[in-house]
Amino acid sequence: MRQVLVVDDDAGFRALLREMFDSTAEFNVVGAAESGRQALDLIDDLCPDLLVSDIEMPEMDGLEL
């Protein structure tokens with residue numbers, strides 16, 4: 001099972017992505033972040049296999065992440 005970290009500044013879209021990934025047997029969402037900066041902190045703690053990120057976010061965008 002692949003561990004996923006979801007990163008998006010829209011709480012509704014984060015929830016949608018979590019639901020989508022968690023509905024499969026291949027993926028498990030281990031965390032979610034609302035900015036790239038927050039995601040950087042979580043990456044070290046969670047060690048996800050996959051990072052799904054929005055491009056445009058406050059603080060640090062997806063490309064900078």
# chains A, B, ... in the order shown; residues from 1 in each chain; ligands from 1
>>> select_by_dssp(residues="segment 9-63 of chain A", states="helix (DSSP H, G or I)", output="list in words")
Ala11, Gly12, Phe13, Arg14, Ala15, Leu16, Leu17, Arg18, Glu19, Met20, Phe21, Asp22, Gly36, Arg37, Gln38, Ala39, Leu40, Asp41, Leu42, Ile43, Asp44, Asp45 and Leu46 of chain A
>>> write_last_selection(atoms="C-alpha atoms", output="PDB file, in the first residue's frame")
ATOM      1  CA  ALA A  11     -10.050  22.164   2.651  1.00  0.00           C
ATOM      2  CA  GLY A  12     -12.872  20.769   0.512  1.00  0.00           C
ATOM      3  CA  PHE A  13     -10.502  19.610  -2.192  1.00  0.00           C
ATOM      4  CA  ARG A  14      -8.162  18.062   0.403  1.00  0.00           C
ATOM      5  CA  ALA A  15     -11.132  16.103   1.751  1.00  0.00           C
ATOM      6  CA  LEU A  16     -12.136  15.015  -1.762  1.00  0.00           C
ATOM      7  CA  LEU A  17      -8.615  13.807  -2.556  1.00  0.00           C
ATOM      8  CA  ARG A  18      -8.388  11.979   0.782  1.00  0.00           C
ATOM      9  CA  GLU A  19     -11.697  10.225   0.087  1.00  0.00           C
ATOM     10  CA  MET A  20     -10.626   9.328  -3.454  1.00  0.00           C
ATOM     11  CA  PHE A  21      -7.283   7.816  -2.400  1.00  0.00           C
ATOM     12  CA  ASP A  22      -8.653   6.094   0.701  1.00  0.00           C
ATOM     13  CA  GLY A  36       3.942  23.705   0.871  1.00  0.00           C
ATOM     14  CA  ARG A  37       5.683  24.905   4.017  1.00  0.00           C
ATOM     15  CA  GLN A  38       3.426  22.761   6.202  1.00  0.00           C
ATOM     16  CA  ALA A  39       3.985  19.814   3.847  1.00  0.00           C
ATOM     17  CA  LEU A  40       7.762  20.053   4.264  1.00  0.00           C
ATOM     18  CA  ASP A  41       7.368  19.495   8.004  1.00  0.00           C
ATOM     19  CA  LEU A  42       5.084  16.512   7.418  1.00  0.00           C
ATOM     20  CA  ILE A  43       7.310  14.871   4.805  1.00  0.00           C
ATOM     21  CA  ASP A  44      10.070  14.235   7.339  1.00  0.00           C
ATOM     22  CA  ASP A  45       7.626  12.821   9.894  1.00  0.00           C
ATOM     23  CA  LEU A  46       5.401  10.754   7.579  1.00  0.00           C
TER      24      LEU A  46
END
>>> residues_around(residues="Cys47 of chain A", least_positions_apart="5", cutoff="10 Å", atoms="only C-alpha atoms", output="PyMOL selection string")
chain A and resi 3-5+30+42
>>> write_last_selection(atoms="N, CA and C atoms", output="PDB file, in the first residue's frame")
ATOM      1  N   GLN A   3       1.754   5.128   0.656  1.00  0.00           N
ATOM      2  CA  GLN A   3       1.398   6.176   1.613  1.00  0.00           C
ATOM      3  C   GLN A   3       1.357   7.520   0.879  1.00  0.00           C
ATOM      4  N   VAL A   4       0.267   8.271   1.024  1.00  0.00           N
ATOM      5  CA  VAL A   4       0.048   9.517   0.278  1.00  0.00           C
ATOM      6  C   VAL A   4      -0.046  10.702   1.220  1.00  0.00           C
ATOM      7  N   LEU A   5       0.591  11.810   0.824  1.00  0.00           N
ATOM      8  CA  LEU A   5       0.437  13.100   1.496  1.00  0.00           C
ATOM      9  C   LEU A   5      -0.265  14.034   0.525  1.00  0.00           C
ATOM     10  N   VAL A  30      -1.802   9.368   4.555  1.00  0.00           N
ATOM     11  CA  VAL A  30      -1.192   9.429   5.881  1.00  0.00           C
ATOM     12  C   VAL A  30      -1.201  10.836   6.463  1.00  0.00           C
ATOM     13  N   LEU A  42       5.718  17.825   7.369  1.00  0.00           N
ATOM     14  CA  LEU A  42       5.084  16.512   7.418  1.00  0.00           C
ATOM     15  C   LEU A  42       5.868  15.445   6.653  1.00  0.00           C
TER      16      LEU A  42
END
>>> select_by_dssp(residues="chain A", states="strand (DSSP E or B)", output="PDB file with C-alpha atoms, in the first residue's frame")
ATOM      1  CA  ARG A   2       1.377   3.404  -1.009  1.00  0.00           C
ATOM      2  CA  GLN A   3       1.398   6.176   1.613  1.00  0.00           C
ATOM      3  CA  VAL A   4       0.048   9.517   0.278  1.00  0.00           C
ATOM      4  CA  LEU A   5       0.437  13.100   1.496  1.00  0.00           C
ATOM      5  CA  VAL A   6      -2.197  15.497   0.116  1.00  0.00           C
ATOM      6  CA  VAL A   7      -1.307  19.201  -0.128  1.00  0.00           C
ATOM      7  CA  PHE A  27      -3.334   3.995  -1.388  1.00  0.00           C
ATOM      8  CA  ASN A  28      -3.569   5.236   2.186  1.00  0.00           C
ATOM      9  CA  VAL A  29      -3.591   8.970   2.973  1.00  0.00           C
ATOM     10  CA  VAL A  30      -1.192   9.429   5.881  1.00  0.00           C
ATOM     11  CA  GLY A  31      -1.538  13.206   6.108  1.00  0.00           C
ATOM     12  CA  ALA A  32      -2.737  16.462   4.619  1.00  0.00           C
ATOM     13  CA  ALA A  33      -1.301  19.975   4.527  1.00  0.00           C
ATOM     14  CA  LEU A  50       3.473   9.882  -3.041  1.00  0.00           C
ATOM     15  CA  LEU A  51       2.919  13.619  -2.714  1.00  0.00           C
ATOM     16  CA  VAL A  52      -0.138  15.145  -4.425  1.00  0.00           C
ATOM     17  CA  SER A  53       0.076  18.928  -4.449  1.00  0.00           C
TER      18      SER A  53
END
>>> atom_distance(atom1="atom CA of Ser35 of chain A", atom2="atom CA of Asp49 of chain A")
18.4 Å
>>> atom_distance(atom1="atom CA of Pro48 of chain A", atom2="atom CA of Asp10 of chain A")
20.4 Å
>>> atom_distance(atom1="atom CA of Ser23 of chain A", atom2="atom CA of Asp54 of chain A")
20.5 Å
